[in-house]
Amino acid sequence: MKFMDKVIESHSGVTSTPPERVQGNVNRRDFLKLSSLLGAGLMLEFSFLGAGCSKFGEKSSFTPNAFIHIDEDGLVTLVAHKVEMGQGTYTSMPMLIAEELEIDVSKVRLEHAEPNEKAYADPLLGGQLTGGSTSVRGAWKPLREAGATARIMLISAAALEWKVDPKTCRAENGEVIHIPTDRRLSYGDLVNEAARLPVPEVVVLKDPKDFKVIGKPIHRLDSPSKVNGTAQFGIDVQVPDMKIATVSASPVFGGKIVKVSDEKAKEVKGVRQIVLIDNAVAVIADHMWAAKQGLAALDIQWDDGENASFTSESLAKDIAEASKGKAAVAKKVGEPGEVMAGSGRKIEAIYEQPFLAHATMEPMNCTVHLQADSCDIWVGTQVPTIAQGAVAKLTGLPPEKVKIHNHLLGGGFGRRLEVDFIAQAVEIAKQVDSPIKVVWSREEDIQHDMYRPYYYDRISASLDEHGKPIAWSHRITGSSIMARFFPAYFKDGIDPDAIEGAVNLPYSTPNVLVEYIRHEPPFVTAFWRGVGPTRNCFVTESFMDELSVAAKKDPVEYRRALLNESPRAKAVLELAAEKAGWGTPLPAVKGAKVGRGVSVLFAFGSYIAQVAEVTVSADNEVTINRVVCAVDCGIVVNPDTVQAQMEGGIIFGASAALWGEITFNNGRANQSNFHNYRVVRMNEAPKVEVYVVPSTESPGGLGEPGTSALMPAVANAVYAATGKRIRKLPIVSTLKTMI
Amino acid sequence: MVTLNVNGKDHALDVTDDTPILWAIRDIIGMTGTKFGCGMSLCGACTVHLEGKPIRSCVTPVSVAADKAITTIEAIGDTEIGKRVQDAWIASEVVQCGYCQSGQIMSAVALLKENPKPSDQDIDAAMSGNICRCGTYVRIRSAIKQAAGMGEHVSEGV
């Protein structure tokens, strides 16, 4: 069974078997193959996984992953195996190909990839997913090789045409040039000839010093459509004869419908049908307003089920108790237990982090046209194959009869890794004759999110006489998202996401213990921007700050002294501190307190250090005034994207750090819309300065680490300002409970 | 029946008077550039202009717009300021996911129409009703300044 089949099964509640190794290496012979498509084009197919069958050539021994298509007009089409949710991947992926193919990146056309696990699996994730800050990291080599191979074959085709040595030719800006005579042929003129040539066994990639595209700021290819209203998100789909539906699911997870009185709803102008599924009611109407009015007019009687009395307080109590139980050891170096029991000075703390909603600006939505022998789905999803598999299972159709039309995502942040809203739309569609677009209200979106889980961390350290940690112990308790999402990766009681960022700290510490205890709330939880490292970075970097205080050392100096074995981490820390003016006094603010805080993160293959400056008012409102961020993410593909992802990641993290929490009473989420699930607005957004450390290392991921590093930097700044240590997020509500 | 004038064109719509302009535009007229975000006038994604003034179309009923001109993102580029703002948005590389940007641009255009040289405080006041979860605020601010001819940061993109 293939890896992703298991993931897809896991989304249908089927137990899976142990993992298969995900093959990252590529056999050149299998890697690339050219075939002629539609009679007039050069189709270059490539695979990250390197085995299987081609969908284009029957005798091939590989499967395509993404492909370049060059038509007779020289138009280059790239099938985007990653979805654009703001992170800039629609620009960075074409840049990688354009660099080696010698084309103008602005002339590349992009198409959304269809669901095809064999073809489009990410080498780092093992599936056709967009997430985990993997896109550039995973595609870095394969996409450049794809471009280089195509270029070599186009040059060979031209050389044959001219009867010259290919070595006397070069490619530039969509043309092959015969250097001695300056003869030129465009790529479009060469596609048929090139398609008949053998695939080169070896391609030599450019020396980075010769890069013309990579490392240069390239304008985002998706900007024009996003400033004039023509960009198509899932919610914008219009299908002939389509009706609009909106839903109300049981306000308590696990609850069910007892009875619905729909007389008044049916009287609403434009309401066509009321549909009941197991745990939700949908109103089908001519437009959203009618559907919303209809829903409001329903009298729904719920059976809240066994979670009717669930509260945040009960969860906090349960998880604290669970954290005393038996833990799985994720990492053990040296003799942490012995050293901790020894003569060093022991510091310990408990950290807690709340449930969080994703609150993407585009609420959950899915358009379905279910027919007897097919199902069309229009949606924005990070997981097209999981969506296809889930719909196939629900409808009984073979997967190839389920067509996923993927769209731009109006924010993902992990929410659109889930297919709950797609499955719900299909269940509703089973009872409706026409195509339907199911759109969740913002209230439904926040109250039926699949939340980032609540985590409870016990952390301790033993310091030597100089204040250096000689033992470090970190026990993490919380929900395992991996056990549900990637069951094959949950092994021996360890969730690799739950411990990521805790087991690979950049600091040198001789004795280390990291443990994990799985504790589940009564509903499923989900990935959220920054995943495990975001939770762990808050704990470890806040605690590192506590240690520096205990050691009576400056927080930057304290960390710096522990980073001798991690020069890249040390370099970003020094750069951030320098640019932030660390050590110089902040201007005083009348009636308020000011402070700076620092954090260091190594995750997603990138090194980040941040310095946050905050103002804490007399009534404990916190303003983040400025964040200085130094980043070493290896080779930079698009410098502007690095900057944008840091700015955006920091502001996303700021909302959660200051105010973000979903709490429960009587099994119901207390928050419902932006008035009580507060997010940063323009007047609250910090100034963000980003400094990049030049590097020749392979690219690291960038979509998430900005968010991860922000939370402890702000909490540490609040400590510097007030002397109050924030051990429970969000900061502001904790601050207000402290005397 | 209500007649809505959207971007200079009349649309006769068979809807109740309380129908928000947002849904009339999106679901009935079929223009999807204007976005749904919250339904409570909290996020600004649905911002359009009514007689040149920014309104939250998710809470403004069609009855309010009878005999008045609505302008949406689809036509704002036909105005001089609208075009300047869109160009500045591209030059400053503002967009990420892009979902909120229709509303952001409509709010920014309305600001610059009233106040051609806004201060940071003016920008805060005009733009803080528009939420961006991708966190593009830093660039929205610089794009507004650029569109106002007060440019600071301009990306060096090609």
# chains A, B, ... in the order shown; residues from 1 in each chain; ligands from 1

call {"tool": "interface_residues", "arguments": {"of": "chain A", "to": "chain B", "cutoff": "7 Å", "atoms": "only C-alpha atoms", "output": "ChimeraX atom specification"}}
result
/A:85-88,217-220,223-224,226-230,236,287-289,360-363,409-411,442,647-648,651-652,673-675,681-683,685,687

call {"tool": "select_by_dssp", "arguments": {"residues": "segment 36-148 of chain B", "states": "helix (DSSP H, G or I)", "output": "ChimeraX atom specification"}}
result
/B:62-65,73-76,80-91,101-114,120-127,137-147

call {"tool": "write_last_selection", "arguments": {"atoms": "N, CA and C atoms", "output": "compact mmCIF listing (two decimals), in the first residue's frame"}}
result
# COMPACT_ATOMS: atom_id res chain seq x y z
N VAL B 62 -29.75 46.24 0.19
CA VAL B 62 -29.90 46.80 -1.16
C VAL B 62 -30.81 48.02 -1.15
N SER B 63 -31.75 48.07 -0.20
CA SER B 63 -32.69 49.20 -0.19
C SER B 63 -31.96 50.54 -0.04
N VAL B 64 -30.83 50.52 0.65
CA VAL B 64 -30.04 51.73 0.87
C VAL B 64 -29.41 52.21 -0.44
N ALA B 65 -29.23 51.28 -1.36
CA ALA B 65 -28.47 51.61 -2.57
C ALA B 65 -29.35 51.96 -3.77
N ILE B 73 -14.52 46.40 -6.88
CA ILE B 73 -13.12 46.19 -7.27
C ILE B 73 -12.97 45.98 -8.78
N GLU B 74 -13.99 45.39 -9.39
CA GLU B 74 -13.88 45.10 -10.82
C GLU B 74 -13.74 46.38 -11.66
N ALA B 75 -14.26 47.51 -11.14
CA ALA B 75 -14.24 48.75 -11.93
C ALA B 75 -13.35 49.83 -11.32
N ILE B 76 -12.80 49.57 -10.15
CA ILE B 76 -12.07 50.66 -9.48
C ILE B 76 -10.82 51.05 -10.27
N GLU B 80 -8.77 57.07 -11.81
CA GLU B 80 -7.36 57.44 -11.78
C GLU B 80 -6.70 56.98 -10.46
N ILE B 81 -7.39 57.26 -9.36
CA ILE B 81 -6.81 56.86 -8.07
C ILE B 81 -6.81 55.34 -7.93
N GLY B 82 -7.87 54.72 -8.40
CA GLY B 82 -7.96 53.26 -8.32
C GLY B 82 -6.81 52.58 -9.04
N LYS B 83 -6.52 53.09 -10.23
CA LYS B 83 -5.43 52.53 -11.02
C LYS B 83 -4.09 52.73 -10.30
N ARG B 84 -3.93 53.91 -9.75
CA ARG B 84 -2.69 54.20 -9.04
C ARG B 84 -2.51 53.26 -7.83
N VAL B 85 -3.60 53.03 -7.13
CA VAL B 85 -3.52 52.15 -5.96
C VAL B 85 -3.22 50.71 -6.40
N GLN B 86 -3.89 50.23 -7.42
CA GLN B 86 -3.61 48.86 -7.89
C GLN B 86 -2.15 48.72 -8.34
N ASP B 87 -1.67 49.72 -9.06
CA ASP B 87 -0.27 49.68 -9.52
C ASP B 87 0.69 49.67 -8.33
N ALA B 88 0.37 50.48 -7.32
CA ALA B 88 1.23 50.54 -6.13
C ALA B 88 1.20 49.21 -5.40
N TRP B 89 0.04 48.56 -5.40
CA TRP B 89 -0.09 47.26 -4.74
C TRP B 89 0.84 46.23 -5.43
N ILE B 90 0.89 46.30 -6.74
CA ILE B 90 1.75 45.36 -7.47
C ILE B 90 3.22 45.72 -7.25
N ALA B 91 3.54 47.01 -7.36
CA ALA B 91 4.93 47.43 -7.22
C ALA B 91 5.47 47.13 -5.82
N GLN B 101 -7.68 41.48 -0.31
CA GLN B 101 -7.11 42.66 -0.97
C GLN B 101 -8.12 43.49 -1.75
N SER B 102 -9.20 42.89 -2.23
CA SER B 102 -10.23 43.70 -2.88
C SER B 102 -10.73 44.75 -1.90
N GLY B 103 -11.04 44.31 -0.70
CA GLY B 103 -11.55 45.22 0.32
C GLY B 103 -10.50 46.23 0.75
N GLN B 104 -9.27 45.77 0.87
CA GLN B 104 -8.18 46.68 1.26
C GLN B 104 -8.05 47.80 0.23
N ILE B 105 -8.06 47.41 -1.04
CA ILE B 105 -7.88 48.40 -2.10
C ILE B 105 -9.05 49.38 -2.13
N MET B 106 -10.28 48.88 -1.94
CA MET B 106 -11.43 49.78 -1.94
C MET B 106 -11.33 50.78 -0.78
N SER B 107 -10.87 50.31 0.37
CA SER B 107 -10.71 51.23 1.51
C SER B 107 -9.59 52.24 1.24
N ALA B 108 -8.51 51.77 0.64
CA ALA B 108 -7.38 52.66 0.35
C ALA B 108 -7.75 53.73 -0.67
N VAL B 109 -8.50 53.32 -1.68
CA VAL B 109 -8.91 54.29 -2.71
C VAL B 109 -9.81 55.35 -2.07
N ALA B 110 -10.73 54.91 -1.23
CA ALA B 110 -11.63 55.86 -0.56
C ALA B 110 -10.83 56.84 0.30
N LEU B 111 -9.82 56.31 0.98
CA LEU B 111 -8.96 57.17 1.80
C LEU B 111 -8.29 58.24 0.95
N LEU B 112 -7.68 57.81 -0.14
CA LEU B 112 -6.91 58.77 -0.96
C LEU B 112 -7.81 59.77 -1.68
N LYS B 113 -9.03 59.38 -1.94
CA LYS B 113 -9.97 60.35 -2.55
C LYS B 113 -10.25 61.50 -1.58
N GLU B 114 -10.38 61.16 -0.31
CA GLU B 114 -10.69 62.15 0.71
C GLU B 114 -9.44 62.89 1.16
N ASP B 120 0.43 58.49 8.81
CA ASP B 120 0.31 57.13 9.34
C ASP B 120 -0.97 56.96 10.16
N GLN B 121 -1.29 57.99 10.93
CA GLN B 121 -2.51 57.92 11.75
C GLN B 121 -3.75 57.89 10.85
N ASP B 122 -3.72 58.67 9.77
CA ASP B 122 -4.86 58.65 8.83
C ASP B 122 -5.00 57.26 8.22
N ILE B 123 -3.86 56.65 7.90
CA ILE B 123 -3.90 55.31 7.29
C ILE B 123 -4.45 54.31 8.31
N ASP B 124 -3.98 54.41 9.54
CA ASP B 124 -4.53 53.52 10.59
C ASP B 124 -6.04 53.68 10.69
N ALA B 125 -6.48 54.94 10.72
CA ALA B 125 -7.91 55.19 10.93
C ALA B 125 -8.74 54.63 9.77
N ALA B 126 -8.23 54.77 8.56
CA ALA B 126 -9.01 54.34 7.40
C ALA B 126 -8.93 52.84 7.15
N MET B 127 -7.82 52.24 7.55
CA MET B 127 -7.56 50.85 7.14
C MET B 127 -7.73 49.82 8.26
N TYR B 137 0.04 44.12 6.26
CA TYR B 137 -0.16 45.52 6.66
C TYR B 137 1.04 46.43 6.37
N VAL B 138 2.23 45.89 6.61
CA VAL B 138 3.44 46.69 6.41
C VAL B 138 3.49 47.21 4.97
N ARG B 139 3.15 46.33 4.06
CA ARG B 139 3.22 46.69 2.64
C ARG B 139 2.00 47.50 2.19
N ILE B 140 0.85 47.24 2.80
CA ILE B 140 -0.32 48.06 2.46
C ILE B 140 -0.01 49.52 2.79
N ARG B 141 0.58 49.72 3.94
CA ARG B 141 0.93 51.08 4.34
C ARG B 141 1.87 51.72 3.32
N SER B 142 2.91 50.98 2.92
CA SER B 142 3.86 51.59 1.99
C SER B 142 3.25 51.76 0.60
N ALA B 143 2.35 50.85 0.22
CA ALA B 143 1.70 51.00 -1.09
C ALA B 143 0.79 52.23 -1.11
N ILE B 144 0.10 52.47 -0.02
CA ILE B 144 -0.76 53.66 0.04
C ILE B 144 0.10 54.92 -0.09
N LYS B 145 1.22 54.91 0.60
CA LYS B 145 2.10 56.09 0.52
C LYS B 145 2.65 56.25 -0.90
N GLN B 146 2.95 55.13 -1.49
CA GLN B 146 3.47 55.21 -2.86
C GLN B 146 2.41 55.75 -3.81
N ALA B 147 1.19 55.24 -3.66
CA ALA B 147 0.09 55.72 -4.52
C ALA B 147 -0.18 57.19 -4.28

call {"tool": "select_by_dssp", "arguments": {"residues": "segment 177-394 of chain A", "states": "strand (DSSP E)", "output": "tab-separated table (two decimals) with N, CA and C atoms, in the first residue's frame"}}
result
chain	number	residue	atom	x	y	z
A	177	ILE	N	20.85	29.83	-29.40
A	177	ILE	CA	21.69	30.69	-30.23
A	177	ILE	C	22.93	29.90	-30.63
A	178	HIS	N	23.27	29.91	-31.91
A	178	HIS	CA	24.55	29.35	-32.37
A	178	HIS	C	25.58	30.47	-32.23
A	183	ARG	N	23.08	32.61	-35.23
A	183	ARG	CA	21.76	32.12	-35.68
A	183	ARG	C	20.91	31.82	-34.47
A	184	ARG	N	19.60	31.97	-34.61
A	184	ARG	CA	18.71	31.77	-33.47
A	184	ARG	C	17.48	30.97	-33.85
A	185	LEU	N	17.05	30.09	-32.97
A	185	LEU	CA	15.76	29.39	-33.11
A	185	LEU	C	15.03	29.49	-31.78
A	186	SER	N	13.73	29.80	-31.87
A	186	SER	CA	12.98	29.89	-30.63
A	186	SER	C	12.62	28.49	-30.13
A	243	LYS	N	-26.98	26.02	-6.68
A	243	LYS	CA	-27.66	26.65	-5.54
A	243	LYS	C	-26.61	26.91	-4.46
A	244	ILE	N	-26.99	27.82	-3.55
A	244	ILE	CA	-26.07	28.16	-2.45
A	244	ILE	C	-26.62	27.54	-1.16
A	245	ALA	N	-25.72	26.95	-0.39
A	245	ALA	CA	-26.14	26.35	0.88
A	245	ALA	C	-25.31	26.91	2.01
A	246	THR	N	-25.91	27.03	3.16
A	246	THR	CA	-25.13	27.31	4.36
A	246	THR	C	-25.59	26.36	5.46
A	247	VAL	N	-24.72	26.13	6.42
A	247	VAL	CA	-24.95	25.03	7.35
A	247	VAL	C	-24.85	25.45	8.80
A	248	SER	N	-25.47	24.64	9.62
A	248	SER	CA	-25.27	24.72	11.05
A	248	SER	C	-25.00	23.30	11.54
A	249	ALA	N	-23.79	23.11	12.03
A	249	ALA	CA	-23.46	21.79	12.58
A	249	ALA	C	-23.68	21.83	14.08
A	256	LYS	N	-25.76	15.48	17.86
A	256	LYS	CA	-26.58	15.07	16.71
A	256	LYS	C	-27.91	15.83	16.71
A	257	ILE	N	-28.56	15.79	15.55
A	257	ILE	CA	-29.87	16.43	15.44
A	257	ILE	C	-30.92	15.52	16.06
A	258	VAL	N	-31.81	16.11	16.85
A	258	VAL	CA	-32.97	15.36	17.33
A	258	VAL	C	-34.17	15.69	16.44
A	259	LYS	N	-34.40	16.96	16.24
A	259	LYS	CA	-35.60	17.37	15.51
A	259	LYS	C	-35.40	18.77	14.93
A	260	VAL	N	-35.93	18.99	13.74
A	260	VAL	CA	-35.85	20.31	13.13
A	260	VAL	C	-37.24	20.74	12.68
A	261	SER	N	-37.66	21.92	13.11
A	261	SER	CA	-38.91	22.49	12.59
A	261	SER	C	-38.54	23.51	11.53
A	271	VAL	N	-35.51	30.28	-0.45
A	271	VAL	CA	-35.12	28.99	0.15
A	271	VAL	C	-35.74	27.86	-0.65
A	272	ARG	N	-34.95	26.87	-1.01
A	272	ARG	CA	-35.42	25.77	-1.86
A	272	ARG	C	-35.60	24.46	-1.11
A	273	GLN	N	-34.72	24.22	-0.16
A	273	GLN	CA	-34.71	22.89	0.45
A	273	GLN	C	-33.98	22.94	1.79
A	274	ILE	N	-34.46	22.11	2.71
A	274	ILE	CA	-33.75	21.95	3.99
A	274	ILE	C	-33.19	20.53	3.99
A	275	VAL	N	-31.91	20.40	4.24
A	275	VAL	CA	-31.28	19.07	4.20
A	275	VAL	C	-30.70	18.75	5.57
A	276	LEU	N	-31.04	17.57	6.05
A	276	LEU	CA	-30.49	17.12	7.33
A	276	LEU	C	-29.46	16.03	7.07
A	277	ILE	N	-28.28	16.20	7.64
A	277	ILE	CA	-27.35	15.08	7.69
A	277	ILE	C	-27.14	14.75	9.17
A	280	ALA	N	-25.65	17.89	11.16
A	280	ALA	CA	-25.77	19.26	10.66
A	280	ALA	C	-27.05	19.44	9.85
A	281	VAL	N	-27.46	20.70	9.77
A	281	VAL	CA	-28.59	21.07	8.92
A	281	VAL	C	-28.08	22.03	7.87
A	282	ALA	N	-28.53	21.87	6.64
A	282	ALA	CA	-28.16	22.80	5.58
A	282	ALA	C	-29.42	23.38	4.97
A	283	VAL	N	-29.34	24.67	4.66
A	283	VAL	CA	-30.44	25.29	3.92
A	283	VAL	C	-29.93	25.59	2.51
A	284	ILE	N	-30.67	25.08	1.54
A	284	ILE	CA	-30.30	25.24	0.13
A	284	ILE	C	-31.16	26.36	-0.43
A	285	ALA	N	-30.52	27.33	-1.06
A	285	ALA	CA	-31.28	28.51	-1.50
A	285	ALA	C	-30.70	29.07	-2.78
A	299	ASP	N	-35.84	25.92	13.70
A	299	ASP	CA	-35.84	25.60	15.12
A	299	ASP	C	-35.21	24.21	15.23
A	300	ILE	N	-33.96	24.18	15.69
A	300	ILE	CA	-33.22	22.91	15.71
A	300	ILE	C	-33.06	22.42	17.14
A	301	GLN	N	-33.41	21.19	17.34
A	301	GLN	CA	-33.21	20.59	18.66
A	301	GLN	C	-32.02	19.63	18.57
A	302	TRP	N	-30.99	19.89	19.37
A	302	TRP	CA	-29.78	19.07	19.32
A	302	TRP	C	-29.71	18.10	20.49
A	303	ASP	N	-29.12	16.97	20.23
A	303	ASP	CA	-28.66	16.11	21.32
A	303	ASP	C	-27.17	16.37	21.44
A	328	ALA	N	6.64	8.79	26.70
A	328	ALA	CA	7.55	8.16	25.73
A	328	ALA	C	8.78	9.05	25.59
A	329	VAL	N	9.94	8.43	25.54
A	329	VAL	CA	11.18	9.21	25.46
A	329	VAL	C	11.48	9.52	23.99
A	330	ALA	N	11.54	10.80	23.69
A	330	ALA	CA	11.81	11.22	22.31
A	330	ALA	C	13.30	11.44	22.09
A	331	LYS	N	13.98	11.86	23.15
A	331	LYS	CA	15.42	12.09	23.02
A	331	LYS	C	16.06	11.97	24.40
A	332	LYS	N	17.16	11.27	24.44
A	332	LYS	CA	17.90	11.23	25.70
A	332	LYS	C	19.39	11.30	25.37
A	333	VAL	N	20.03	12.30	25.93
A	333	VAL	CA	21.48	12.46	25.75
A	333	VAL	C	22.09	12.54	27.14
A	345	ARG	N	21.76	24.03	40.34
A	345	ARG	CA	20.59	24.82	40.72
A	345	ARG	C	19.43	24.45	39.79
A	346	LYS	N	18.35	24.00	40.36
A	346	LYS	CA	17.26	23.50	39.53
A	346	LYS	C	16.19	24.58	39.30
A	347	ILE	N	15.84	24.75	38.03
A	347	ILE	CA	14.79	25.70	37.66
A	347	ILE	C	13.70	24.89	36.97
A	348	GLU	N	12.45	25.11	37.33
A	348	GLU	CA	11.39	24.38	36.61
A	348	GLU	C	10.18	25.26	36.38
A	349	ALA	N	9.43	24.90	35.36
A	349	ALA	CA	8.27	25.72	35.00
A	349	ALA	C	7.26	24.87	34.24
A	350	ILE	N	6.02	25.33	34.25
A	350	ILE	CA	4.97	24.70	33.45
A	350	ILE	C	4.44	25.74	32.47
A	351	TYR	N	4.34	25.34	31.23
A	351	TYR	CA	3.82	26.23	30.18
A	351	TYR	C	2.55	25.65	29.58
A	352	GLU	N	1.61	26.52	29.24
A	352	GLU	CA	0.36	26.07	28.62
A	352	GLU	C	0.03	26.92	27.41
A	353	GLN	N	-0.51	26.25	26.39
A	353	GLN	CA	-0.90	26.96	25.17
A	353	GLN	C	-2.30	26.53	24.77
A	365	ASN	N	-15.53	26.52	2.42
A	365	ASN	CA	-16.56	26.38	1.40
A	365	ASN	C	-16.18	25.28	0.44
A	366	CYS	N	-17.18	24.72	-0.21
A	366	CYS	CA	-16.93	23.65	-1.18
A	366	CYS	C	-18.13	23.55	-2.12
A	367	THR	N	-17.84	23.47	-3.39
A	367	THR	CA	-18.89	23.34	-4.40
A	367	THR	C	-18.88	21.91	-4.94
A	368	VAL	N	-20.06	21.31	-5.00
A	368	VAL	CA	-20.16	19.90	-5.37
A	368	VAL	C	-21.20	19.73	-6.47
A	369	HIS	N	-20.87	18.98	-7.48
A	369	HIS	CA	-21.89	18.51	-8.42
A	369	HIS	C	-21.79	16.99	-8.45
A	370	LEU	N	-22.71	16.38	-7.74
A	370	LEU	CA	-22.71	14.91	-7.64
A	370	LEU	C	-23.72	14.36	-8.63
A	371	GLN	N	-23.25	13.51	-9.51
A	371	GLN	CA	-24.13	12.84	-10.48
A	371	GLN	C	-24.00	11.34	-10.31
A	374	SER	N	-20.39	10.36	-11.47
A	374	SER	CA	-19.23	11.26	-11.33
A	374	SER	C	-19.50	12.27	-10.23
A	375	CYS	N	-18.42	12.85	-9.79
A	375	CYS	CA	-18.55	13.92	-8.79
A	375	CYS	C	-17.49	14.98	-9.07
A	376	ASP	N	-17.95	16.20	-9.27
A	376	ASP	CA	-17.02	17.32	-9.45
A	376	ASP	C	-16.98	18.14	-8.18
A	377	ILE	N	-15.76	18.47	-7.76
A	377	ILE	CA	-15.55	19.25	-6.54
A	377	ILE	C	-14.74	20.49	-6.91
A	378	TRP	N	-15.27	21.65	-6.57
A	378	TRP	CA	-14.52	22.90	-6.77
A	378	TRP	C	-14.19	23.43	-5.38
A	379	VAL	N	-12.90	23.55	-5.10
A	379	VAL	CA	-12.50	23.88	-3.74
A	379	VAL	C	-11.06	24.39	-3.75

call {"tool": "atom_distance", "arguments": {"atom1": "atom CA of Thr149 of chain A", "atom2": "atom CA of Ala194 of chain A"}}
result
10.8 Å

call {"tool": "residues_around", "arguments": {"residues": "Val549 of chain A", "least_positions_apart": "4", "cutoff": "12 Å", "atoms": "only C-alpha atoms", "output": "JSON, numbers by chain"}}
result
{"A": [347, 463, 467, 468, 542, 543, 544, 545, 553, 554, 555, 556, 557, 558, 559, 716, 719, 720, 723, 724, 725]}

call {"tool": "closest_residue", "arguments": {"among": "A:Val637, A:Ala709, A:Arg678, A:Asp632", "to": "Ile650 of chain A", "atoms": "only C-alpha atoms"}}
result
A:Ala709

call {"tool": "atom_distance", "arguments": {"atom1": "atom CA of Ser480 of chain A", "atom2": "atom CA of Ala498 of chain A"}}
result
6.9 Å

call {"tool": "residues_around", "arguments": {"residues": "segment 613-618 of chain A", "least_positions_apart": "2", "cutoff": "6 Å", "atoms": "only C-alpha atoms", "output": "list in words"}}
result
Ala592, Lys593, Val594, Gly595, Arg596, Asn620, Glu621, Val622, Thr623, Ile624, Asn625 and Arg626 of chain A

call {"tool": "atom_distance", "arguments": {"atom1": "atom CA of Ser309 of chain A", "atom2": "atom CA of Val252 of chain A"}}
result
9.3 Å

call {"tool": "decode", "arguments": {"residues": "segment 318-329 of chain A", "atoms": "N, CA and C atoms", "output": "PDB file, in the first residue's frame"}}
result
ATOM      1  N   ASP A 318      -7.541  17.934  33.189  1.00  0.00           N
ATOM      2  CA  ASP A 318      -7.235  16.595  32.667  1.00  0.00           C
ATOM      3  C   ASP A 318      -5.812  16.508  32.118  1.00  0.00           C
ATOM      4  N   ILE A 319      -5.423  17.519  31.376  1.00  0.00           N
ATOM      5  CA  ILE A 319      -4.120  17.446  30.708  1.00  0.00           C
ATOM      6  C   ILE A 319      -3.002  17.600  31.742  1.00  0.00           C
ATOM      7  N   ALA A 320      -3.247  18.402  32.775  1.00  0.00           N
ATOM      8  CA  ALA A 320      -2.246  18.539  33.846  1.00  0.00           C
ATOM      9  C   ALA A 320      -2.051  17.187  34.536  1.00  0.00           C
ATOM     10  N   GLU A 321      -3.146  16.498  34.752  1.00  0.00           N
ATOM     11  CA  GLU A 321      -3.082  15.179  35.380  1.00  0.00           C
ATOM     12  C   GLU A 321      -2.347  14.196  34.458  1.00  0.00           C
ATOM     13  N   ALA A 322      -2.718  14.243  33.174  1.00  0.00           N
ATOM     14  CA  ALA A 322      -2.102  13.329  32.197  1.00  0.00           C
ATOM     15  C   ALA A 322      -0.591  13.537  32.125  1.00  0.00           C
ATOM     16  N   SER A 323      -0.151  14.774  32.328  1.00  0.00           N
ATOM     17  CA  SER A 323       1.276  15.069  32.178  1.00  0.00           C
ATOM     18  C   SER A 323       2.117  14.423  33.278  1.00  0.00           C
ATOM     19  N   LYS A 324       1.446  13.887  34.297  1.00  0.00           N
ATOM     20  CA  LYS A 324       2.193  13.196  35.360  1.00  0.00           C
ATOM     21  C   LYS A 324       2.363  11.711  35.046  1.00  0.00           C
ATOM     22  N   GLY A 325       1.756  11.273  33.962  1.00  0.00           N
ATOM     23  CA  GLY A 325       1.751   9.841  33.652  1.00  0.00           C
ATOM     24  C   GLY A 325       3.023   9.360  32.976  1.00  0.00           C
ATOM     25  N   LYS A 326       2.892   8.189  32.349  1.00  0.00           N
ATOM     26  CA  LYS A 326       4.057   7.583  31.704  1.00  0.00           C
ATOM     27  C   LYS A 326       4.294   8.254  30.354  1.00  0.00           C
ATOM     28  N   ALA A 327       5.541   8.626  30.129  1.00  0.00           N
ATOM     29  CA  ALA A 327       5.861   9.353  28.902  1.00  0.00           C
ATOM     30  C   ALA A 327       6.736   8.511  27.986  1.00  0.00           C
ATOM     31  N   ALA A 328       6.639   8.788  26.696  1.00  0.00           N
ATOM     32  CA  ALA A 328       7.550   8.160  25.727  1.00  0.00           C
ATOM     33  C   ALA A 328       8.783   9.054  25.592  1.00  0.00           C
ATOM     34  N   VAL A 329       9.938   8.430  25.541  1.00  0.00           N
ATOM     35  CA  VAL A 329      11.178   9.208  25.457  1.00  0.00           C
ATOM     36  C   VAL A 329      11.483   9.519  23.990  1.00  0.00           C
TER      37      VAL A 329
END
